[in-house]
>>> print(open('start.cif').read())   # mmCIF, C-alpha atoms
data_query
loop_
_atom_site.group_PDB
_atom_site.id
_atom_site.type_symbol
_atom_site.label_atom_id
_atom_site.label_comp_id
_atom_site.auth_asym_id
_atom_site.auth_seq_id
_atom_site.Cartn_x
_atom_site.Cartn_y
_atom_site.Cartn_z
ATOM 1 C CA MET W 17 93.499 115.172 102.370
ATOM 2 C CA LYS W 18 91.423 114.789 99.226
ATOM 3 C CA ALA W 19 90.665 117.798 97.022
ATOM 4 C CA GLU W 20 87.970 117.994 94.360
ATOM 5 C CA LEU W 21 87.871 120.492 91.522
ATOM 6 C CA SER W 22 84.616 120.545 89.563
ATOM 7 C CA PHE W 23 84.507 121.585 85.901
ATOM 8 C CA SER W 24 81.840 123.379 83.938
ATOM 9 C CA ALA W 25 81.927 123.593 80.144
ATOM 10 C CA ALA W 26 83.523 127.047 80.543
ATOM 11 C CA ASP W 27 86.222 125.621 82.848
ATOM 12 C CA MET W 28 87.067 122.931 80.299
ATOM 13 C CA ALA W 29 87.244 125.557 77.563
ATOM 14 C CA GLN W 30 89.723 127.557 79.654
ATOM 15 C CA THR W 31 91.998 124.634 80.560
ATOM 16 C CA ARG W 32 95.459 125.087 79.052
ATOM 17 C CA PHE W 33 99.143 124.155 79.384
ATOM 18 C CA ALA W 34 102.194 126.301 80.081
ATOM 19 C CA VAL W 35 105.926 125.708 80.507
ATOM 20 C CA SER W 36 106.928 127.905 83.450
ATOM 21 C CA PRO W 37 110.547 128.724 84.368
ATOM 22 C CA MET W 38 109.431 129.808 87.851
ATOM 23 C CA TRP W 39 107.807 126.452 88.582
ATOM 24 C CA GLU W 40 111.158 124.874 87.749
ATOM 25 C CA VAL W 41 112.848 127.336 90.105
ATOM 26 C CA VAL W 42 110.631 126.529 93.094
ATOM 27 C CA THR W 43 110.501 122.773 92.542
ATOM 28 C CA SER W 44 114.226 122.407 91.869
ATOM 29 C CA TYR W 45 115.153 124.604 94.833
ATOM 30 C CA ARG W 46 112.910 122.549 97.110
ATOM 31 C CA LEU W 47 114.513 119.369 95.804
ATOM 32 C CA LEU W 48 117.986 120.716 96.588
ATOM 33 C CA ARG W 49 116.886 121.549 100.142
ATOM 34 C CA SER W 50 115.326 118.137 100.726
ATOM 35 C CA GLU W 51 117.112 115.642 102.945
ATOM 36 C CA GLN W 52 115.691 112.804 100.851
ATOM 37 C CA GLU W 53 117.943 112.068 97.903
ATOM 38 C CA GLN W 54 116.159 111.595 94.563
ATOM 39 C CA PRO W 55 118.056 109.145 92.359
ATOM 40 C CA LEU W 56 116.434 110.566 89.220
ATOM 41 C CA HIS W 57 118.252 113.872 89.727
ATOM 42 C CA ARG W 58 121.483 112.662 91.340
ATOM 43 C CA ARG W 59 123.745 113.809 88.477
ATOM 44 C CA TRP W 60 122.219 117.288 88.562
ATOM 45 C CA THR W 61 122.211 117.717 92.356
ATOM 46 C CA ALA W 62 125.831 116.554 92.624
ATOM 47 C CA GLN W 63 126.876 119.390 90.315
ATOM 48 C CA VAL W 64 124.561 122.114 91.625
ATOM 49 C CA ARG W 65 124.525 121.709 95.417
ATOM 50 C CA PRO W 66 128.188 122.759 95.884
ATOM 51 C CA ARG W 67 127.626 125.821 93.693
ATOM 52 C CA LEU W 68 124.501 126.699 95.664
ATOM 53 C CA ALA W 69 126.358 126.572 98.977
ATOM 54 C CA GLU W 70 129.346 128.514 97.639
ATOM 55 C CA ALA W 71 127.058 131.300 96.420
ATOM 56 C CA GLY W 72 125.114 131.368 99.715
ATOM 57 C CA LEU W 73 121.844 130.702 97.903
ATOM 58 C CA ASP W 74 120.986 127.849 100.250
ATOM 59 C CA ARG W 75 120.361 130.326 103.080
ATOM 60 C CA GLY W 76 119.044 133.499 101.437
ATOM 61 C CA TRP W 77 115.666 134.867 100.391
ATOM 62 C CA LEU W 78 114.648 131.713 98.544
ATOM 63 C CA ALA W 79 115.184 129.619 101.678
ATOM 64 C CA THR W 80 112.684 131.897 103.443
ATOM 65 C CA VAL W 81 109.863 131.699 100.913
ATOM 66 C CA ILE W 82 110.489 128.108 99.688
ATOM 67 C CA PRO W 83 110.626 125.855 102.771
ATOM 68 C CA ALA W 84 111.764 122.263 102.345
ATOM 69 C CA ASP W 85 108.189 121.039 102.716
ATOM 70 C CA GLY W 86 104.661 122.343 103.095
ATOM 71 C CA TYR W 87 103.308 125.622 101.814
ATOM 72 C CA LEU W 88 105.479 127.880 99.639
ATOM 73 C CA ALA W 89 104.727 131.481 98.732
ATOM 74 C CA ASP W 90 102.231 131.533 95.864
ATOM 75 C CA PHE W 91 103.466 134.881 94.533
ATOM 76 C CA LEU W 92 106.500 132.989 93.191
ATOM 77 C CA ASN W 93 104.268 131.338 90.572
ATOM 78 C CA PRO W 94 102.258 134.052 88.818
ATOM 79 C CA THR W 95 99.840 132.901 86.145
ATOM 80 C CA PRO W 96 101.669 132.842 82.771
ATOM 81 C CA ALA W 97 100.102 135.016 80.111
ATOM 82 C CA ASP W 98 101.106 132.597 77.336
ATOM 83 C CA PRO W 99 102.206 128.954 76.986
ATOM 84 C CA PHE W 100 105.955 129.663 77.050
ATOM 85 C CA PRO W 101 106.716 132.665 79.289
ATOM 86 C CA THR W 102 110.304 133.750 79.825
ATOM 87 C CA LEU W 103 111.897 134.026 83.238
ATOM 88 C CA THR W 104 112.039 137.805 82.697
ATOM 89 C CA ASP W 105 108.248 137.875 82.174
ATOM 90 C CA GLU W 106 107.619 135.923 85.358
ATOM 91 C CA LEU W 107 110.038 137.963 87.480
ATOM 92 C CA ALA W 108 108.268 141.136 86.352
ATOM 93 C CA ALA W 109 104.931 139.620 87.413
ATOM 94 C CA ILE W 110 106.370 138.710 90.828
ATOM 95 C CA ARG W 111 107.521 142.288 91.359
ATOM 96 C CA ARG W 112 103.949 143.448 90.653
ATOM 97 C CA THR W 113 102.482 141.354 93.503
ATOM 98 C CA PRO W 114 100.192 143.572 95.632
ATOM 99 C CA ALA W 115 101.342 144.198 99.202
ATOM 100 C CA ASP W 116 98.175 142.727 100.703
ATOM 101 C CA ARG W 117 98.783 139.488 98.784
ATOM 102 C CA VAL W 118 102.326 139.298 100.141
ATOM 103 C CA HIS W 119 101.004 139.764 103.697
ATOM 104 C CA VAL W 120 98.403 137.011 103.297
ATOM 105 C CA GLU W 121 100.987 134.548 102.041
ATOM 106 C CA LEU W 122 103.466 135.442 104.778
ATOM 107 C CA ASP W 123 100.752 134.604 107.312
ATOM 108 C CA MET W 124 100.279 131.236 105.594
ATOM 109 C CA LEU W 125 104.031 130.581 105.740
ATOM 110 C CA ALA W 126 104.152 131.626 109.398
ATOM 111 C CA ALA W 127 101.384 129.153 110.218
ATOM 112 C CA GLU W 128 103.745 126.288 109.315
ATOM 113 C CA GLN W 129 107.170 127.590 110.362
ATOM 114 C CA ASP W 130 108.702 129.985 112.851
ATOM 115 C CA LEU W 131 109.450 133.244 111.032
ATOM 116 C CA SER W 132 109.367 135.519 114.061
ATOM 117 C CA ARG W 133 113.116 136.209 114.024
ATOM 118 C CA SER W 134 113.527 136.599 110.290
ATOM 119 C CA ALA W 135 114.749 140.042 109.187
ATOM 120 C CA ARG W 136 113.766 139.151 105.627
ATOM 121 C CA VAL W 137 110.166 138.480 106.663
ATOM 122 C CA ARG W 138 110.044 141.821 108.493
ATOM 123 C CA LEU W 139 111.209 143.574 105.327
ATOM 124 C CA LEU W 140 108.609 141.705 103.281
ATOM 125 C CA ARG W 141 105.913 142.988 105.638
ATOM 126 C CA GLN W 142 107.195 146.543 105.947
ATOM 127 C CA ALA W 143 108.507 147.167 102.421
ATOM 128 C CA PRO W 144 107.149 144.455 100.073
ATOM 129 C CA GLU W 145 108.237 146.221 96.887
ATOM 130 C CA ALA W 146 111.878 146.441 97.996
ATOM 131 C CA ALA W 147 111.842 142.856 99.289
ATOM 132 C CA LEU W 148 110.349 141.508 96.052
ATOM 133 C CA ASP W 149 113.161 143.205 94.145
ATOM 134 C CA LYS W 150 115.668 141.343 96.317
ATOM 135 C CA ILE W 151 113.835 138.043 95.853
ATOM 136 C CA THR W 152 113.760 138.372 92.071
ATOM 137 C CA GLU W 153 117.454 139.279 92.032
ATOM 138 C CA GLU W 154 118.198 136.101 93.958
ATOM 139 C CA VAL W 155 115.962 134.052 91.642
ATOM 140 C CA ALA W 156 117.934 135.379 88.660
ATOM 141 C CA ALA W 157 121.212 134.397 90.354
ATOM 142 C CA TYR W 158 119.861 130.946 91.172
ATOM 143 C CA TRP W 159 118.647 130.517 87.603
ATOM 144 C CA GLU W 160 122.075 131.257 86.132
ATOM 145 C CA LEU W 161 123.761 128.874 88.548
ATOM 146 C CA ALA W 162 121.344 125.954 88.719
ATOM 147 C CA LEU W 163 119.032 125.917 85.696
ATOM 148 C CA ALA W 164 120.215 128.067 82.783
ATOM 149 C CA PRO W 165 123.118 125.742 81.857
ATOM 150 C CA TYR W 166 120.650 122.842 81.667
ATOM 151 C CA TRP W 167 117.633 124.695 80.314
ATOM 152 C CA ASP W 168 117.812 123.433 76.725
ATOM 153 C CA ARG W 169 117.626 119.879 78.000
ATOM 154 C CA ILE W 170 114.861 120.625 80.542
ATOM 155 C CA ARG W 171 112.784 122.700 78.124
ATOM 156 C CA ARG W 172 112.838 119.950 75.503
ATOM 157 C CA LEU W 173 111.444 117.505 78.069
ATOM 158 C CA LEU W 174 108.668 119.895 79.141
ATOM 159 C CA GLU W 175 107.697 120.891 75.608
ATOM 160 C CA ALA W 176 107.577 117.236 74.557
ATOM 161 C CA ASP W 177 105.159 116.566 77.423
ATOM 162 C CA VAL W 178 102.891 119.425 76.366
ATOM 163 C CA PHE W 179 102.843 118.329 72.731
ATOM 164 C CA HIS W 180 102.132 114.719 73.744
ATOM 165 C CA ARG W 181 99.184 115.721 75.906
ATOM 166 C CA ALA W 182 97.861 118.172 73.317
ATOM 167 C CA ARG W 183 97.760 115.259 70.888
ATOM 168 C CA GLN W 184 95.915 113.191 73.511
ATOM 169 C CA VAL W 185 93.306 115.946 73.838
ATOM 170 C CA ALA W 186 92.785 115.909 70.078
ATOM 171 C CA GLU W 187 92.486 112.116 69.941
ATOM 172 C CA TYR W 188 90.698 111.231 73.189
ATOM 173 C CA GLY W 189 89.424 114.435 74.805
ATOM 174 C CA ALA W 190 90.518 116.523 77.793
ATOM 175 C CA GLY W 191 89.100 114.070 80.359
ATOM 176 C CA ARG W 192 91.585 111.400 79.275
ATOM 177 C CA VAL W 193 94.484 113.820 79.757
ATOM 178 C CA LEU W 194 93.308 115.032 83.174
ATOM 179 C CA GLY W 195 93.032 111.462 84.406
ATOM 180 C CA ASP W 196 96.511 110.571 83.175
ATOM 181 C CA LEU W 197 98.595 113.325 84.791
ATOM 182 C CA HIS W 198 99.665 111.500 87.958
ATOM 183 C CA GLU W 199 98.707 108.534 90.119
ATOM 184 C CA SER W 200 97.203 110.906 92.711
ATOM 185 C CA VAL W 201 94.951 112.619 90.132
ATOM 186 C CA THR W 202 91.764 111.073 88.758
ATOM 187 C CA TRP W 203 88.972 112.371 86.548
ATOM 188 C CA ASP W 204 85.378 111.303 87.069
ATOM 189 C CA ALA W 205 82.030 112.777 86.030
ATOM 190 C CA GLY W 206 83.230 116.313 85.491
ATOM 191 C CA THR W 207 85.378 116.473 88.628
ATOM 192 C CA LEU W 208 89.130 116.325 89.102
ATOM 193 C CA HIS W 209 90.090 114.455 92.276
ATOM 194 C CA LEU W 210 93.471 115.024 93.926
ATOM 195 C CA VAL W 211 94.834 113.085 96.873
ATOM 196 C CA ARG W 212 97.004 115.619 98.702
ATOM 197 C CA ARG W 213 98.591 116.031 102.127
ATOM 198 C CA HIS W 214 98.485 119.829 102.228
ATOM 199 C CA CYS W 215 95.796 122.446 101.590
ATOM 200 C CA SER W 216 92.391 122.066 100.014
ATOM 201 C CA LEU W 217 91.483 122.899 96.431
ATOM 202 C CA THR W 218 87.873 123.520 95.447
ATOM 203 C CA ARG W 219 86.244 125.469 92.642
ATOM 204 C CA THR W 220 84.733 127.948 95.144
ATOM 205 C CA GLU W 221 88.284 128.915 96.202
ATOM 206 C CA THR W 222 89.709 129.385 92.703
ATOM 207 C CA GLY W 223 89.203 131.213 89.449
ATOM 208 C CA SER W 224 87.770 129.515 86.366
ATOM 209 C CA GLY W 225 89.641 127.092 84.116
ATOM 210 C CA LEU W 226 92.827 125.196 84.961
ATOM 211 C CA LEU W 227 96.499 125.755 84.143
ATOM 212 C CA LEU W 228 98.526 122.552 83.739
ATOM 213 C CA VAL W 229 102.291 122.930 84.170
ATOM 214 C CA PRO W 230 104.659 120.022 83.454
ATOM 215 C CA SER W 231 107.712 120.016 85.708
ATOM 216 C CA ALA W 232 111.046 118.221 85.654
ATOM 217 C CA PHE W 233 111.438 118.515 89.433
ATOM 218 C CA ALA W 234 107.927 118.088 90.903
ATOM 219 C CA TRP W 235 108.202 114.284 90.989
ATOM 220 C CA PRO W 236 106.999 112.283 92.882
ATOM 221 C CA ARG W 237 103.988 114.496 93.610
ATOM 222 C CA VAL W 238 101.836 117.264 92.184
ATOM 223 C CA LEU W 239 101.773 120.824 93.500
ATOM 224 C CA THR W 240 98.992 123.357 93.217
ATOM 225 C CA ARG W 241 98.480 127.114 93.371
ATOM 226 C CA SER W 242 95.077 128.573 94.173
ATOM 227 C CA VAL W 243 94.859 132.385 94.215
ATOM 228 C CA PRO W 244 91.525 133.823 93.008
ATOM 229 C CA PRO W 245 90.688 135.252 90.546
ATOM 230 C CA ASP W 246 93.504 133.403 88.744
ATOM 231 C CA PRO W 247 92.807 129.897 87.443
ATOM 232 C CA PRO W 248 94.168 127.138 89.680
ATOM 233 C CA GLN W 249 97.572 125.806 88.672
ATOM 234 C CA LEU W 250 98.620 122.178 88.838
ATOM 235 C CA ALA W 251 102.311 121.359 88.438
ATOM 236 C CA TYR W 252 102.790 117.678 87.651
ATOM 237 C CA PRO W 253 105.805 115.452 86.817
ATOM 238 C CA ALA W 254 106.574 115.556 83.100
ATOM 239 C CA ARG W 255 106.870 112.352 81.102
ATOM 240 C CA GLY W 256 110.366 110.976 80.546
ATOM 241 C CA ILE W 257 112.033 112.386 83.670
ATOM 242 C CA GLY W 258 113.936 109.123 84.099
ATOM 243 C CA THR W 259 115.985 109.878 80.977
ATOM 244 C CA LEU W 260 116.513 113.607 81.608
ATOM 245 C CA TRP W 261 120.095 113.370 82.902
ATOM 246 C CA GLU W 262 121.253 110.343 80.930
ATOM 247 C CA PRO W 263 124.407 111.001 78.867
ATOM 248 C CA ARG W 264 123.480 112.086 75.359
ATOM 249 C CA PRO W 265 124.771 109.720 72.697
ATOM 250 C CA THR W 266 127.372 110.989 70.265
ATOM 251 C CA GLY W 267 128.466 109.506 66.997
ATOM 252 C CA SER W 268 131.867 109.589 65.344
ATOM 253 C CA THR W 269 133.391 113.050 65.702
ATOM 254 C CA GLU W 270 135.798 112.750 62.784
ATOM 255 C CA ALA W 271 133.556 114.538 60.293
ATOM 256 C CA VAL W 272 132.776 117.311 62.796
ATOM 257 C CA ALA W 273 136.476 117.680 63.667
ATOM 258 C CA ALA W 274 137.279 118.117 59.982
ATOM 259 C CA VAL W 275 135.097 121.241 60.003
ATOM 260 C CA LEU W 276 135.496 122.650 63.532
ATOM 261 C CA GLY W 277 138.943 121.360 64.387
ATOM 262 C CA ARG W 278 139.857 118.616 66.833
ATOM 263 C CA SER W 279 140.133 120.802 69.956
ATOM 264 C CA ARG W 280 136.759 122.481 69.510
ATOM 265 C CA THR W 281 135.093 119.173 68.732
ATOM 266 C CA GLN W 282 136.645 117.631 71.840
ATOM 267 C CA LEU W 283 135.368 120.523 73.955
ATOM 268 C CA LEU W 284 131.849 120.003 72.594
ATOM 269 C CA ALA W 285 132.014 116.275 73.300
ATOM 270 C CA GLU W 286 133.061 116.977 76.899
ATOM 271 C CA LEU W 287 130.068 119.263 77.438
ATOM 272 C CA ASP W 288 127.500 116.521 77.972
ATOM 273 C CA THR W 289 127.138 118.307 81.309
ATOM 274 C CA PRO W 290 127.991 121.990 81.879
ATOM 275 C CA ALA W 291 131.562 122.705 82.928
ATOM 276 C CA SER W 292 133.925 125.625 83.549
ATOM 277 C CA THR W 293 136.840 126.687 81.358
ATOM 278 C CA THR W 294 139.312 125.295 83.887
ATOM 279 C CA GLU W 295 137.595 121.904 84.023
ATOM 280 C CA LEU W 296 137.400 121.662 80.250
ATOM 281 C CA ALA W 297 141.007 122.714 79.757
ATOM 282 C CA HIS W 298 142.137 119.994 82.181
ATOM 283 C CA ARG W 299 140.017 117.293 80.540
ATOM 284 C CA CYS W 300 141.087 118.201 77.014
ATOM 285 C CA GLY W 301 144.771 118.841 77.712
ATOM 286 C CA LEU W 302 144.518 122.505 76.713
ATOM 287 C CA SER W 303 145.794 125.660 78.347
ATOM 288 C CA ALA W 304 143.097 127.739 80.055
ATOM 289 C CA PRO W 305 143.565 130.662 77.605
ATOM 290 C CA GLY W 306 143.423 128.258 74.650
ATOM 291 C CA ALA W 307 140.234 126.609 75.926
ATOM 292 C CA SER W 308 138.688 130.031 76.564
ATOM 293 C CA GLN W 309 139.464 131.146 73.004
ATOM 294 C CA HIS W 310 137.890 128.012 71.513
ATOM 295 C CA LEU W 311 134.818 128.303 73.762
ATOM 296 C CA THR W 312 134.314 131.926 72.732
ATOM 297 C CA ALA W 313 134.344 130.860 69.080
ATOM 298 C CA LEU W 314 131.878 128.054 69.798
ATOM 299 C CA ARG W 315 129.623 130.457 71.681
ATOM 300 C CA ASP W 316 129.682 132.941 68.808
ATOM 301 C CA ALA W 317 128.676 130.111 66.469
ATOM 302 C CA GLY W 318 125.682 129.200 68.659
ATOM 303 C CA LEU W 319 127.107 125.832 69.714
ATOM 304 C CA VAL W 320 127.585 126.621 73.419
ATOM 305 C CA THR W 321 126.083 129.037 75.937
ATOM 306 C CA ALA W 322 127.887 130.716 78.848
ATOM 307 C CA HIS W 323 126.425 131.179 82.343
ATOM 308 C CA ARG W 324 127.913 132.995 85.329
ATOM 309 C CA ALA W 325 128.234 130.829 88.463
ATOM 310 C CA GLY W 326 129.997 132.797 91.179
ATOM 311 C CA ARG W 327 133.585 133.431 90.097
ATOM 312 C CA SER W 328 133.347 130.882 87.281
ATOM 313 C CA VAL W 329 131.601 130.724 83.930
ATOM 314 C CA LEU W 330 129.822 127.489 83.064
ATOM 315 C CA TYR W 331 129.564 126.459 79.426
ATOM 316 C CA ALA W 332 126.730 124.299 78.152
ATOM 317 C CA ARG W 333 126.125 122.627 74.809
ATOM 318 C CA THR W 334 123.155 123.875 72.767
ATOM 319 C CA THR W 335 120.596 121.776 70.921
ATOM 320 C CA VAL W 336 122.357 122.711 67.674
ATOM 321 C CA ALA W 337 125.583 121.151 68.990
ATOM 322 C CA ASP W 338 123.692 118.094 70.229
ATOM 323 C CA ALA W 339 122.298 117.555 66.742
ATOM 324 C CA LEU W 340 125.760 118.054 65.244
ATOM 325 C CA LEU W 341 127.270 115.358 67.468
ATOM 326 C CA SER W 342 124.376 112.902 67.504
ATOM 327 C CA PRO W 343 124.771 109.571 65.722
ATOM 328 C CA PRO W 344 123.301 109.467 62.202
ATOM 329 C CA THR W 345 119.910 107.782 61.899
ATOM 330 C CA GLY W 346 118.674 105.412 59.283
#
>>> encode(input="start.cif", output="structure tokens")
Amino acid sequence: MKAELSFSAADMAQTRFAVSPMWEVVTSYRLLRSEQEQPLHRRWTAQVRPRLAEAGLDRGWLATVIPADGYLADFLNPTPADPFPTLTDELAAIRRTPADRVHVELDMLAAEQDLSRSARVRLLRQAPEAALDKITEEVAAYWELALAPYWDRIRRLLEADVFHRARQVAEYGAGRVLGDLHESVTWDAGTLHLVRRHCSLTRTETGSGLLLVPSAFAWPRVLTRSVPPDPPQLAYPARGIGTLWEPRPTGSTEAVAAVLGRSRTQLLAELDTPASTTELAHRCGLSAPGASQHLTALRDAGLVTAHRAGRSVLYARTTVADALLSPPTG
């Protein structure tokens, strides 16, 4: 199916970018549910899928409103008020979804999958406010388990895409950017053309303007949201996804070890991917209490972050630590 979105001068003036945590939630969750393995994200899925199953998040509320393919509930992607909303901002907007909007989107979900026996769907219909609270609680749990430990890395990729395209707008105009988002998107004579398999997208069915949302997990396609009077949203694969999960280079750690100590420096070096205290203690030849003490000190210094994942705590390196360990340039 081919969709066409026409643009007036006012629509062009209201076209903007946003980095949305909730778009990363829905696209990453769908990727984890997919039976088709994506080599680009293999390192991430290998770490996250077992945690997802252990926590039961592969069969909860998110599995109901984010099917493996086809339509997904639009209320999960409220229009961001600013370019860099927080997850807390977006969860609050989800909880404010009107009941009639929830009912409309449940009907759209039911048109593509059998929801007749779902107790969760019945609660969404009968008590939307209570059900939305449960959904946002599960989103927060999923975020801590699957995305928060990696968010520094993901956010850098998405922000770099936005800044690159903003520079393109300044140098070549918005039309150049709109035509360069994805192979299925073209720009011609004031109209954005999208080759899509699901749902139509026309200006008569949307609000004015356009919200462009780079995503680390949307590849290999684009996804859209069209809920008047909001502007249409287009989530597209961010530039540089192929390098997202590559090991980050580190230089000599001797100078860092002279300041932080050898054990703490070794722990930082091991955190190229998030890991638990037990894993890190084993890799570094430390006792679990000793590793925990060092990690607490590193967290207090802003060099690692801690994220609850079931009964474990995952530690992740921050951008400050990455810069500390990176090879010198020049």
>>> resolve_selection(input="start.cif", expression="the PyMOL selection byres ((chain W and resi 236) around 10)", output="MDAnalysis selection string")
chainID W and resid 54 198:200 233:235 237:238 252:253
>>> resolve_selection(input="start.cif", expression="the PyMOL selection byres ((chain W and resi 94-101) around 9)", output="JSON, numbers by chain")
{"W": [32, 33, 34, 35, 36, 37, 38, 90, 91, 92, 93, 102, 103, 104, 105, 106, 107, 109, 110, 113, 227, 246, 247, 248, 249]}
>>> residues_around(input="start.cif", residues="His209 in chain W", least_positions_apart="5", cutoff="6 Å", atoms="only C-alpha atoms", output="MDAnalysis selection string")
chainID W and resid 19:20 201:202
>>> atom_distance(input="start.cif", atom1="CA of Asp196 in chain W", atom2="CA of Arg181 in chain W")
9.3 Å
>>> closest_residue(input="start.cif", among="W:Gly223, W:His119, W:Thr294, W:Leu250", to="Leu208 in chain W", atoms="all atoms listed in the file")
W:Leu250
>>> resolve_selection(input="start.cif", expression="the PyMOL selection byres ((chain W and resi 323) around 10)", output="ChimeraX atom specification")
/W:159-165,290-292,321-322,324-326,328-332
>>> residues_around(input="start.cif", residues="Ala84 in chain W", least_positions_apart="5", cutoff="7 Å", atoms="all atoms listed in the file", output="PyMOL selection string")
chain W and resi 46+49-50
>>> closest_residue(input="start.cif", among="W:Ile170, W:Leu210, W:Ala71, W:Val64", to="Arg327 in chain W", atoms="only C-alpha atoms")
W:Ala71
>>> closest_residue(input="start.cif", among="W:Arg111, W:His298, W:Arg278, W:His57", to="Asp149 in chain W", atoms="all atoms listed in the file")
W:Arg111
>>> closest_residue(input="start.cif", among="W:Leu173, W:Leu311, W:Thr269, W:Gly206", to="Leu296 in chain W", atoms="all atoms listed in the file")
W:Leu311
>>> closest_residue(input="start.cif", among="W:Ala313, W:Ala285, W:Leu78, W:Val118", to="Val272 in chain W", atoms="all atoms listed in the file")
W:Ala285
>>> atom_distance(input="start.cif", atom1="CA of Gly189 in chain W", atom2="CA of Arg241 in chain W")
24.2 Å
>>> residues_near_point(input="start.cif", point="(112.6, 114.4, 81.8)", cutoff="9 Å", atoms="only C-alpha atoms", output="NGL selection string")
:W and (169-170 or 172-174 or 177 or 231-233 or 253-261)
>>> atom_distance(input="start.cif", atom1="CA of Ala25 in chain W", atom2="CA of Val178 in chain W")
21.7 Å
>>> closest_residue(input="start.cif", among="W:Ser134, W:Gln129, W:Ser279, W:Gln52", to="Leu88 in chain W", atoms="only C-alpha atoms")
W:Gln129
>>> residues_around(input="start.cif", residues="Ala143 in chain W", least_positions_apart="5", cutoff="12 Å", atoms="all atoms listed in the file", output="compact mmCIF listing (two decimals) with C-alpha atoms, in the frame of the given file")
# COMPACT_ATOMS: atom_id res chain seq x y z
CA PRO W 114 100.19 143.57 95.63
CA ALA W 115 101.34 144.20 99.20
CA ASP W 116 98.18 142.73 100.70
CA VAL W 118 102.33 139.30 100.14
CA HIS W 119 101.00 139.76 103.70
CA ALA W 135 114.75 140.04 109.19
CA ARG W 136 113.77 139.15 105.63
CA VAL W 137 110.17 138.48 106.66
CA ARG W 138 110.04 141.82 108.49
CA LEU W 148 110.35 141.51 96.05
CA ASP W 149 113.16 143.21 94.14
CA LYS W 150 115.67 141.34 96.32
